[in-house]
file protein38.cif (mmCIF, C-alpha atoms)
data_input
loop_
_atom_site.label_atom_id
_atom_site.label_comp_id
_atom_site.auth_asym_id
_atom_site.auth_seq_id
_atom_site.Cartn_x
_atom_site.Cartn_y
_atom_site.Cartn_z
CA MET A 735 -32.68 -43.85 -40.78
CA ALA A 736 -33.89 -46.23 -38.08
CA ASN A 737 -37.61 -46.31 -37.69
CA SER A 738 -39.12 -44.62 -34.70
CA SER A 739 -40.49 -47.66 -32.87
CA GLU A 740 -37.00 -49.19 -32.87
CA ILE A 741 -35.59 -46.08 -31.25
CA VAL A 742 -38.37 -46.11 -28.63
CA GLY A 743 -37.28 -49.63 -27.73
CA GLN A 744 -33.69 -48.53 -27.36
CA ILE A 745 -34.68 -45.59 -25.17
CA LYS A 746 -36.67 -47.92 -22.92
CA SER A 747 -33.77 -50.30 -22.48
CA VAL A 748 -31.35 -47.50 -21.64
CA GLN A 749 -33.87 -46.12 -19.17
CA ASN A 750 -34.04 -49.49 -17.45
CA THR A 751 -30.26 -49.61 -17.21
CA ARG A 752 -30.29 -46.13 -15.76
CA LYS A 753 -32.76 -47.24 -13.12
CA VAL A 754 -30.38 -50.01 -12.03
CA THR A 755 -27.28 -47.81 -11.96
CA ARG A 756 -29.14 -45.12 -10.04
CA ALA A 757 -30.32 -47.62 -7.45
CA LEU A 758 -26.82 -49.02 -7.04
CA GLU A 759 -25.44 -45.52 -6.70
CA MET A 760 -27.86 -44.63 -3.93
CA VAL A 761 -27.37 -47.90 -2.07
CA SER A 762 -23.61 -47.39 -2.06
CA ALA A 763 -23.94 -43.75 -1.03
CA SER A 764 -25.87 -44.78 2.08
CA LYS A 765 -23.46 -47.59 2.89
CA ILE A 766 -20.33 -45.42 2.78
CA ARG A 767 -21.40 -43.67 5.94
CA LYS A 768 -21.79 -46.92 7.87
CA ALA A 769 -18.52 -48.28 6.57
CA GLN A 770 -16.75 -45.14 7.70
CA ASP A 771 -18.26 -45.48 11.16
CA ARG A 772 -16.96 -49.02 11.31
CA MET A 773 -13.51 -47.81 10.34
CA ALA A 774 -13.56 -45.31 13.19
CA ALA A 775 -14.88 -47.89 15.65
CA SER A 776 -12.00 -50.28 15.07
CA ARG A 777 -9.29 -47.68 15.63
CA PRO A 778 -9.19 -47.52 19.47
CA TYR A 779 -8.37 -51.23 19.69
CA ALA A 780 -5.37 -50.93 17.38
CA ARG A 781 -4.24 -47.79 19.18
CA MET A 782 -4.36 -49.42 22.62
CA MET A 783 -2.61 -52.49 21.27
CA ARG A 784 0.13 -50.31 19.86
CA GLN A 785 0.63 -48.59 23.18
CA VAL A 786 0.95 -51.83 25.08
CA ILE A 787 3.25 -53.41 22.50
CA SER A 788 5.57 -50.44 22.42
CA HIS A 789 5.77 -50.58 26.18
CA LEU A 790 6.30 -54.34 26.16
CA SER A 791 9.12 -54.21 23.66
CA GLN A 792 10.73 -51.52 25.77
CA ALA A 793 10.33 -53.46 28.98
CA SER A 794 11.62 -56.81 27.79
CA LEU A 795 14.58 -55.88 25.66
CA GLU A 796 16.42 -59.15 26.11
CA TYR A 797 13.65 -61.10 24.40
CA GLU A 798 13.10 -60.65 20.70
CA HIS A 799 9.92 -62.06 19.26
CA PRO A 800 10.19 -63.70 15.81
CA PHE A 801 7.69 -61.14 14.50
CA THR A 802 10.05 -58.28 15.18
CA GLN A 803 13.24 -59.94 13.98
CA VAL A 804 14.41 -58.73 10.60
CA ARG A 805 15.65 -61.52 8.37
CA ASP A 806 18.18 -60.36 5.83
CA ASP A 807 17.85 -63.29 3.51
CA VAL A 808 14.44 -63.12 1.85
CA LYS A 809 13.42 -66.32 0.10
CA ARG A 810 9.65 -66.21 0.23
CA VAL A 811 7.24 -63.35 0.74
CA GLY A 812 3.58 -63.42 1.67
CA TYR A 813 0.83 -61.10 0.54
CA ILE A 814 -2.57 -60.76 2.16
CA ILE A 815 -4.70 -59.36 -0.63
CA VAL A 816 -7.94 -57.67 0.31
CA ALA A 817 -10.31 -57.17 -2.61
CA THR A 818 -14.06 -56.81 -2.97
CA ASP A 819 -16.62 -59.57 -3.26
CA ARG A 820 -18.66 -57.83 -5.92
CA GLY A 821 -17.84 -56.00 -9.11
CA LEU A 822 -19.26 -52.82 -10.66
CA CYS A 823 -16.91 -50.67 -8.66
CA GLY A 824 -14.86 -49.10 -11.41
CA GLY A 825 -11.17 -49.86 -11.61
CA LEU A 826 -10.79 -50.33 -7.86
CA ASN A 827 -9.69 -53.96 -7.91
CA ASN A 828 -7.92 -53.88 -11.25
CA ASN A 829 -5.79 -50.89 -10.36
CA MET A 830 -4.63 -52.66 -7.23
CA PHE A 831 -3.98 -55.94 -9.05
CA ARG A 832 -1.98 -54.12 -11.70
CA GLN A 833 0.29 -52.54 -9.11
CA LEU A 834 0.49 -55.86 -7.32
CA LEU A 835 1.64 -57.64 -10.47
CA GLY A 836 4.43 -55.07 -10.76
CA GLU A 837 5.53 -55.91 -7.21
CA PHE A 838 5.31 -59.63 -7.91
CA LYS A 839 7.50 -59.22 -10.94
CA GLN A 840 10.14 -57.43 -8.92
CA TRP A 841 10.23 -60.25 -6.38
CA GLN A 842 10.32 -62.90 -9.07
CA ASP A 843 13.21 -61.16 -10.77
CA GLN A 844 15.10 -61.47 -7.51
CA GLY A 845 14.22 -65.15 -7.36
CA VAL A 846 11.88 -64.74 -4.43
CA GLU A 847 8.85 -66.99 -4.19
CA ILE A 848 5.42 -65.57 -3.48
CA THR A 849 2.59 -66.87 -1.33
CA THR A 850 -0.75 -65.12 -1.18
CA VAL A 851 -3.80 -65.10 1.02
CA ILE A 852 -6.83 -63.85 -0.82
CA ILE A 853 -9.77 -62.11 0.77
CA GLY A 854 -12.75 -61.37 -1.45
CA LYS A 855 -14.24 -63.09 -4.48
CA LYS A 856 -12.74 -60.74 -7.03
CA ALA A 857 -9.25 -61.57 -5.83
CA ALA A 858 -10.06 -65.29 -6.08
CA GLN A 859 -11.27 -64.85 -9.65
CA PHE A 860 -8.16 -62.94 -10.58
CA PHE A 861 -5.65 -65.25 -8.94
CA LYS A 862 -7.32 -68.31 -10.37
CA ARG A 863 -5.73 -67.36 -13.68
CA LEU A 864 -2.38 -66.66 -12.18
CA ASN A 865 0.37 -69.11 -11.39
CA VAL A 866 0.87 -67.91 -7.83
CA HIS A 867 0.67 -70.01 -4.72
CA VAL A 868 -2.46 -69.29 -2.68
CA SER A 869 -2.30 -70.64 0.85
CA ALA A 870 -5.62 -69.47 2.25
CA SER A 871 -8.76 -67.69 1.18
CA THR A 872 -11.77 -65.99 2.70
CA GLN A 873 -14.81 -64.93 0.76
CA ASP A 874 -18.30 -63.52 1.24
CA LEU A 875 -17.40 -61.08 3.97
CA GLY A 876 -20.31 -58.82 3.09
CA ASP A 877 -20.63 -55.21 4.14
CA GLU A 878 -19.89 -55.95 7.76
CA PRO A 879 -16.74 -58.02 7.94
CA GLN A 880 -16.26 -59.93 11.18
CA LEU A 881 -12.85 -60.50 12.65
CA ASP A 882 -13.75 -64.17 13.22
CA GLN A 883 -13.92 -64.68 9.47
CA LEU A 884 -10.35 -63.52 9.03
CA ILE A 885 -8.63 -65.31 11.90
CA GLY A 886 -8.19 -68.58 10.01
CA SER A 887 -6.52 -67.03 6.99
CA ILE A 888 -4.27 -64.89 9.12
CA LYS A 889 -3.22 -67.83 11.25
CA VAL A 890 -2.09 -69.73 8.19
CA VAL A 891 0.43 -67.07 7.20
CA LEU A 892 1.50 -66.28 10.75
CA ASP A 893 2.27 -69.95 11.30
CA ASP A 894 4.24 -70.01 8.06
CA TYR A 895 6.16 -67.01 9.27
CA ARG A 896 6.92 -68.60 12.62
CA GLU A 897 8.18 -71.72 10.84
CA GLN A 898 10.39 -69.53 8.65
CA LYS A 899 8.47 -70.47 5.51
CA LEU A 900 7.90 -66.77 4.96
CA ASP A 901 10.38 -63.96 5.47
CA ARG A 902 8.16 -60.98 4.79
CA LEU A 903 4.45 -60.38 4.99
CA PHE A 904 2.48 -57.59 3.37
CA VAL A 905 -1.15 -56.58 3.33
CA CYS A 906 -2.69 -54.97 0.22
CA TYR A 907 -5.92 -53.05 0.29
CA ASN A 908 -7.53 -49.87 -0.94
CA GLU A 909 -7.19 -47.01 1.46
CA PHE A 910 -10.25 -44.82 1.76
CA VAL A 911 -8.95 -41.27 1.37
CA ASN A 912 -12.28 -39.69 0.58
CA THR A 913 -15.31 -40.47 -1.53
CA MET A 914 -13.56 -39.54 -4.75
CA THR A 915 -10.12 -40.98 -3.98
CA GLN A 916 -9.06 -44.46 -3.03
CA LYS A 917 -5.44 -45.44 -2.91
CA SER A 918 -3.90 -48.87 -3.21
CA ARG A 919 -1.74 -49.57 -0.21
CA PHE A 920 0.89 -52.22 0.31
CA ASP A 921 1.82 -52.21 3.97
CA GLN A 922 4.44 -54.38 5.55
CA LEU A 923 3.06 -56.45 8.41
CA LEU A 924 6.04 -58.63 9.26
CA PRO A 925 8.66 -58.16 10.40
CA LEU A 926 6.79 -55.59 12.39
CA PRO A 927 8.03 -52.09 11.60
CA ALA A 928 9.26 -50.33 14.71
CA ILE A 929 6.33 -48.82 16.54
CA GLU A 930 6.60 -45.10 17.11
CA GLU A 931 7.72 -44.52 20.63
CA ASP A 932 5.54 -42.23 22.66
CA THR A 933 8.25 -40.08 24.22
CA SER A 934 5.90 -38.29 26.58
CA SER A 935 5.34 -41.43 28.64
CA GLN A 936 8.92 -42.18 29.60
CA THR A 937 8.34 -44.78 32.25
CA ASN A 938 10.69 -46.81 34.36
CA TRP A 939 8.13 -49.14 35.84
CA ASP A 940 7.32 -52.55 34.47
CA TYR A 941 4.19 -54.66 34.35
CA LEU A 942 3.54 -57.76 36.36
CA TYR A 943 3.03 -60.54 33.85
CA GLU A 944 0.68 -63.45 34.15
CA PRO A 945 1.86 -65.91 32.92
CA SER A 946 5.02 -64.56 31.25
CA ALA A 947 6.12 -61.62 29.14
CA GLU A 948 7.00 -63.82 26.16
CA ALA A 949 3.66 -65.57 26.02
CA LEU A 950 1.78 -62.31 26.40
CA LEU A 951 3.83 -60.55 23.76
CA ASP A 952 2.93 -63.33 21.34
CA ASP A 953 -0.76 -62.90 22.13
CA PHE A 954 -0.55 -59.16 21.73
CA LEU A 955 1.35 -59.28 18.46
CA THR A 956 -0.99 -61.85 16.94
CA ARG A 957 -4.04 -59.81 17.85
CA TYR A 958 -2.38 -56.63 16.72
CA ILE A 959 -1.73 -58.07 13.27
CA GLU A 960 -5.26 -59.41 13.13
CA SER A 961 -6.60 -55.99 13.95
CA ILE A 962 -4.51 -54.40 11.19
CA VAL A 963 -5.84 -56.85 8.64
CA TYR A 964 -9.35 -56.33 9.94
CA GLN A 965 -8.95 -52.60 9.58
CA ALA A 966 -7.66 -53.06 6.04
CA THR A 967 -10.76 -55.11 5.25
CA VAL A 968 -13.13 -52.53 6.69
CA GLU A 969 -11.33 -49.76 4.86
CA ASN A 970 -11.58 -51.73 1.65
CA VAL A 971 -15.35 -52.03 2.11
CA ALA A 972 -15.61 -48.25 2.43
CA SER A 973 -13.45 -47.85 -0.68
CA GLU A 974 -15.60 -50.35 -2.54
CA HIS A 975 -18.78 -48.41 -1.86
CA ALA A 976 -17.18 -45.08 -2.70
CA ALA A 977 -15.77 -46.43 -5.95
CA ARG A 978 -19.09 -48.03 -6.84
CA MET A 979 -20.97 -44.85 -6.12
CA VAL A 980 -18.71 -42.85 -8.43
CA ALA A 981 -18.74 -45.52 -11.14
CA MET A 982 -22.53 -45.80 -11.01
CA LYS A 983 -22.93 -42.05 -11.04
CA SER A 984 -20.92 -41.76 -14.22
CA ALA A 985 -22.85 -44.70 -15.67
CA SER A 986 -26.13 -42.90 -14.90
CA ASP A 987 -24.78 -39.73 -16.50
CA ASN A 988 -23.74 -41.67 -19.58
CA ALA A 989 -27.20 -43.21 -19.74
CA ASN A 990 -28.70 -39.73 -19.58
CA ASN A 991 -26.55 -38.55 -22.46
CA LEU A 992 -27.42 -41.63 -24.45
CA ILE A 993 -31.12 -41.07 -23.85
CA ASP A 994 -30.82 -37.44 -24.98
CA ASP A 995 -29.08 -38.51 -28.18
CA LEU A 996 -31.64 -41.21 -28.85
CA ARG A 997 -34.52 -38.85 -28.21
CA LEU A 998 -33.09 -36.39 -30.74
CA MET A 999 -32.79 -39.21 -33.23
CA TYR A 1000 -36.36 -40.26 -32.51
CA ASN A 1001 -37.70 -36.72 -33.06
CA LYS A 1002 -35.80 -36.42 -36.30
CA ALA A 1003 -37.12 -39.75 -37.49
CA ARG A 1004 -40.68 -38.78 -36.58
CA GLN A 1005 -40.36 -35.41 -38.32
CA ALA A 1006 -38.94 -37.09 -41.39
CA ALA A 1007 -41.87 -39.49 -41.48
CA ILE A 1008 -44.41 -36.64 -41.18
CA THR A 1009 -42.68 -34.60 -43.87
CA GLN A 1010 -42.65 -37.58 -46.14
CA GLU A 1011 -46.33 -38.26 -45.54
CA ILE A 1012 -47.29 -34.65 -46.27
CA SER A 1013 -45.21 -34.53 -49.40
CA GLU A 1014 -46.84 -37.76 -50.54
CA ILE A 1015 -50.33 -36.29 -49.93
CA VAL A 1016 -49.39 -33.06 -51.69
CA GLY A 1017 -47.84 -35.00 -54.53
CA GLY A 1018 -50.94 -37.22 -54.75
CA ALA A 1019 -53.33 -34.23 -54.73
CA SER A 1020 -51.42 -32.38 -57.44
CA ALA A 1021 -51.41 -35.50 -59.60
CA VAL A 1022 -55.24 -35.64 -59.35
CA MET B 797 -14.94 -38.27 47.00
CA ALA B 798 -13.98 -41.78 46.11
CA SER B 799 -11.04 -41.97 43.73
CA THR B 800 -11.72 -43.58 40.39
CA ILE B 801 -9.88 -45.49 37.71
CA HIS B 802 -10.46 -44.97 34.03
CA CYS B 803 -11.79 -48.07 32.33
CA ASP B 804 -11.87 -48.80 28.59
CA ILE B 805 -13.33 -51.89 27.03
CA VAL B 806 -12.48 -52.18 23.36
CA SER B 807 -12.75 -54.94 20.80
CA ALA B 808 -11.31 -55.00 17.30
CA GLU B 809 -14.74 -54.13 15.93
CA SER B 810 -15.96 -51.48 18.33
CA GLU B 811 -15.43 -49.53 21.51
CA LEU B 812 -17.74 -51.02 24.12
CA TYR B 813 -17.23 -48.86 27.15
CA SER B 814 -15.19 -45.92 28.30
CA GLY B 815 -15.61 -44.21 31.64
CA GLU B 816 -14.61 -43.83 35.27
CA ALA B 817 -15.04 -46.66 37.75
CA THR B 818 -14.39 -47.22 41.43
CA MET B 819 -13.78 -50.91 40.89
CA VAL B 820 -13.56 -53.21 37.89
CA ILE B 821 -13.92 -56.95 38.29
CA VAL B 822 -12.52 -58.99 35.43
CA PRO B 823 -12.25 -62.73 34.78
CA GLY B 824 -8.48 -63.22 34.59
CA GLU B 825 -7.12 -66.44 33.21
CA GLN B 826 -5.68 -67.34 36.59
CA GLY B 827 -8.61 -66.13 38.66
CA ASP B 828 -10.91 -63.15 38.92
CA LEU B 829 -9.33 -59.80 39.55
CA GLY B 830 -10.79 -56.84 41.36
CA VAL B 831 -9.10 -53.73 40.07
CA THR B 832 -9.25 -50.60 42.17
CA PRO B 833 -7.46 -47.28 41.62
CA LYS B 834 -3.66 -47.36 42.01
CA HIS B 835 -3.49 -51.04 41.18
CA ALA B 836 -0.01 -52.30 40.30
CA PRO B 837 0.64 -52.37 36.53
CA LEU B 838 -0.28 -55.80 35.21
CA LEU B 839 -0.76 -57.63 31.96
CA THR B 840 -2.70 -60.83 31.72
CA ARG B 841 -5.02 -62.90 29.59
CA LEU B 842 -8.73 -63.07 30.17
CA ARG B 843 -10.99 -66.05 29.98
CA ALA B 844 -14.60 -65.93 28.87
CA GLY B 845 -16.77 -64.31 31.50
CA GLU B 846 -18.29 -61.17 32.79
CA VAL B 847 -16.62 -57.82 33.32
CA ARG B 848 -18.33 -55.84 36.06
CA ILE B 849 -17.74 -52.16 36.37
CA GLN B 850 -18.77 -50.28 39.49
CA THR B 851 -19.16 -46.76 38.27
CA ALA B 852 -18.49 -43.62 40.27
CA ASP B 853 -22.19 -43.03 40.95
CA GLY B 854 -22.71 -46.46 42.48
CA ASP B 855 -24.21 -48.23 39.45
CA GLU B 856 -22.88 -51.50 38.15
CA GLU B 857 -22.35 -52.20 34.46
CA HIS B 858 -21.94 -55.71 33.06
CA PHE B 859 -20.17 -56.75 29.89
CA TYR B 860 -19.62 -60.20 28.57
CA VAL B 861 -16.22 -60.92 27.07
CA SER B 862 -15.28 -64.14 25.35
CA GLY B 863 -11.65 -63.75 26.28
CA GLY B 864 -8.95 -61.26 25.52
CA LEU B 865 -6.18 -59.33 27.16
CA LEU B 866 -6.08 -57.02 30.13
CA GLU B 867 -3.77 -54.15 30.77
CA ILE B 868 -3.67 -52.34 34.09
CA GLN B 869 -1.86 -49.11 34.78
CA PRO B 870 -2.20 -47.26 38.07
CA ASN B 871 -5.08 -45.14 36.82
CA VAL B 872 -6.17 -46.83 33.60
CA VAL B 873 -7.52 -50.31 33.05
CA THR B 874 -7.94 -51.50 29.48
CA VAL B 875 -9.82 -54.61 28.47
CA LEU B 876 -8.90 -55.71 24.94
CA SER B 877 -11.77 -58.03 24.28
CA ASP B 878 -11.82 -60.77 21.67
CA THR B 879 -14.81 -60.84 19.38
CA GLY B 880 -15.23 -64.59 19.46
CA GLN B 881 -14.14 -67.64 21.33
CA ARG B 882 -10.40 -68.13 20.95
CA ALA B 883 -8.77 -71.44 21.56
CA ALA B 884 -5.91 -73.23 19.88
CA ASP B 885 -8.16 -75.87 18.34
CA VAL B 886 -10.81 -73.36 17.24
CA ASP B 887 -8.16 -71.24 15.54
CA GLU B 888 -6.68 -74.35 13.97
CA ALA B 889 -10.07 -75.31 12.54
CA ALA B 890 -10.47 -71.81 11.12
CA ALA B 891 -7.03 -72.02 9.53
CA LEU B 892 -7.86 -75.36 7.94
CA GLU B 893 -11.12 -73.95 6.66
CA ALA B 894 -9.28 -71.00 5.08
CA LYS B 895 -6.87 -73.39 3.38
CA ALA B 896 -9.73 -75.50 2.09
CA ALA B 897 -11.45 -72.36 0.80
CA ALA B 898 -8.30 -71.48 -1.12
CA GLU B 899 -8.27 -74.89 -2.74
CA ARG B 900 -11.96 -74.64 -3.61
CA ALA B 901 -11.49 -71.20 -5.06
CA LEU B 902 -8.69 -72.40 -7.29
CA ALA B 903 -10.18 -75.83 -8.01
CA ASP B 904 -10.85 -75.25 -11.69
CA GLN B 905 -7.66 -73.35 -12.19
CA THR B 906 -6.84 -73.37 -15.84
CA ALA B 907 -3.26 -73.95 -16.91
CA GLY B 908 -0.90 -71.79 -14.91
CA MET B 909 -0.24 -68.35 -16.22
CA GLU B 910 2.91 -66.38 -15.71
CA VAL B 911 2.77 -63.05 -13.99
CA ALA B 912 4.29 -61.30 -16.99
CA GLU B 913 1.67 -62.81 -19.28
CA ALA B 914 -1.17 -61.75 -17.00
CA GLN B 915 0.28 -58.29 -16.79
CA ALA B 916 0.43 -58.05 -20.56
CA GLN B 917 -3.20 -59.14 -20.83
CA LEU B 918 -4.29 -56.67 -18.23
CA ALA B 919 -2.40 -53.85 -19.92
CA GLN B 920 -4.02 -54.82 -23.21
CA ALA B 921 -7.51 -54.79 -21.69
CA MET B 922 -6.84 -51.39 -20.12
CA ALA B 923 -5.60 -50.01 -23.45
CA GLN B 924 -8.72 -51.32 -25.15
CA LEU B 925 -10.92 -49.68 -22.57
CA ALA B 926 -9.07 -46.39 -22.93
CA ALA B 927 -9.40 -46.55 -26.70
CA LEU B 928 -13.10 -47.27 -26.37
CA GLU B 929 -13.47 -44.28 -24.10
CA ARG B 930 -11.70 -41.99 -26.58
CA PHE B 931 -13.81 -43.39 -29.41
CA ARG B 932 -16.99 -42.66 -27.46
CA LYS B 933 -15.94 -39.09 -26.78
CA LYS B 934 -15.14 -38.58 -30.45
CA MET B 935 -18.56 -39.94 -31.43
CA LYS B 936 -20.21 -37.30 -29.35
CA HIS B 937 -18.56 -34.39 -31.13
#

call {"tool": "encode", "arguments": {"input": "protein38.cif", "output": "structure tokens"}}
result
Amino acid sequence: MANSSEIVGQIKSVQNTRKVTRALEMVSASKIRKAQDRMAASRPYARMMRQVISHLSQASLEYEHPFTQVRDDVKRVGYIIVATDRGLCGGLNNNMFRQLLGEFKQWQDQGVEITTVIIGKKAAQFFKRLNVHVSASTQDLGDEPQLDQLIGSIKVVLDDYREQKLDRLFVCYNEFVNTMTQKSRFDQLLPLPAIEEDTSSQTNWDYLYEPSAEALLDDFLTRYIESIVYQATVENVASEHAARMVAMKSASDNANNLIDDLRLMYNKARQAAITQEISEIVGGASAV
Amino acid sequence: MASTIHCDIVSAESELYSGEATMVIVPGEQGDLGVTPKHAPLLTRLRAGEVRIQTADGDEEHFYVSGGLLEIQPNVVTVLSDTGQRAADVDEAAALEAKAAAERALADQTAGMEVAEAQAQLAQAMAQLAALERFRKKMKH
């Protein structure tokens, strides 16, 4: 049986670990709220964009923007992968990567090449070991991602798409369902899926365009895609904190259990030592 | 009662303003625009500048936008503001930076690994973790 001072040392170290996991849990719990607010704040922009784009595509039917054209022959696909910067958030990143590898395999079996854009340090660490082409990367977004930080990476793939170097573009992130549930999502960005038509606003008027409908449509579509990726990033931050909170909570609970077990062991060891001492005294006294 | 036009100013990161206005003055790319109720529908780009909103009760609100897009419908005006300065060369620089970051991130890339191989490793690690978890539970009982 381990001696009691050793067990005391073990208890101390587990207690210290518990302190850390508890702190992380509470920090994440308070950050979820803010991340959710940020998710809500970015929605109106995307909604308004969607409205205008649906109207635009209705109004200028004769012009088809490259982003909305469906190419039948798929030779190269792009993935924008949004992961976290920091670890200790349970299986959040790994679950997504695992599903992503399945998708990659399907494409590769069809002889389709893959290009990725990675957002977040964990994605960079993962894809470093993988033989997949990475065309752009953004890291250190922090808890408050800024759209400016993403524009560069997005432009790289959008340009590739315009030049026909890419035939499909997807964005992968963790959707924040609620605090307990996060879901990996793989959404198609390009070609742009048909935007739901708002049937209530059947209009027969058209906008005046300055300078031209084509140029404006390009601006709108670019910003729309940027806003989708931004939203994915913000949502991923919320998921990260939720996953970390749950992971750290279970770590704290495990630490508690471990401490209970160790304390029992410690008491047993102490009792054994006392019993032994008494029996030695008794034995000694009877010998005299 | 003076008629009003509904005005929204939104950016990708937040909603900046939403309310009724008697007139909205925006810095259009091809000149400033004063938008009053029943304005003809219009789409245009904005340049960096100030958006001034004359509210129904006679106050004036000011917002700075660094560019963006403007949509006008007869009774709604929507300013889709950019969050930062947008220009072809600025965007280009950001794109180059993102590419450079990708190269940095992968600089010490060890010998290429096939997707299948990585998948196998990942599956193995997950199986190990699951086994460890079961082992732990067993220990407790």

call {"tool": "residues_around", "arguments": {"input": "protein38.cif", "residues": "segment 813-819 of chain A", "least_positions_apart": "6", "cutoff": "9 Å", "atoms": "only C-alpha atoms", "output": "ChimeraX atom specification"}}
result
/A:826-827,830,848-858,873-876,887-888,891,902-908,920,963,966-967,970-971,974

call {"tool": "residues_around", "arguments": {"input": "protein38.cif", "residues": "Lys746 of chain A", "least_positions_apart": "4", "cutoff": "12 Å", "atoms": "only C-alpha atoms", "output": "list in words"}}
result
Ser739, Glu740, Ile741, Val742, Asn750, Thr751, Arg752, Lys753, Ala989, Asn990, Leu992, Ile993, Leu996 and Arg997 of chain A

call {"tool": "closest_residue", "arguments": {"input": "protein38.cif", "among": "A:Leu942, A:Cys823, A:Ile745, A:Ala757", "to": "Gln869 of chain B", "atoms": "all atoms listed in the file"}}
result
A:Leu942

call {"tool": "residues_around", "arguments": {"input": "protein38.cif", "residues": "Glu846 of chain B", "least_positions_apart": "3", "cutoff": "8 Å", "atoms": "only C-alpha atoms", "output": "list in words"}}
result
Val822, Pro823, His858, Phe859, Tyr860 and Val861 of chain B

call {"tool": "closest_residue", "arguments": {"input": "protein38.cif", "among": "B:Ala926, B:Ala808, B:Ala852, B:Cys803", "to": "chain A", "atoms": "all atoms listed in the file"}}
result
B:Ala808

call {"tool": "decode", "arguments": {"input": "protein38.cif", "residues": "segment 825-837 of chain B", "atoms": "C-alpha atoms", "output": "compact mmCIF listing (two decimals), in the first residue's frame"}}
result
# COMPACT_ATOMS: atom_id res chain seq x y z
CA GLU B 825 -19.81 56.34 -55.42
CA GLN B 826 -20.91 58.75 -58.11
CA GLY B 827 -21.91 61.58 -55.80
CA ASP B 828 -23.86 62.14 -52.62
CA LEU B 829 -27.47 61.08 -52.60
CA GLY B 830 -30.31 62.56 -50.62
CA VAL B 831 -32.94 59.90 -50.17
CA THR B 832 -36.45 60.96 -49.29
CA PRO B 833 -39.59 58.83 -49.08
CA LYS B 834 -40.86 57.40 -52.39
CA HIS B 835 -37.42 57.54 -53.95
CA ALA B 836 -37.05 55.47 -57.12
CA PRO B 837 -35.59 51.99 -56.47
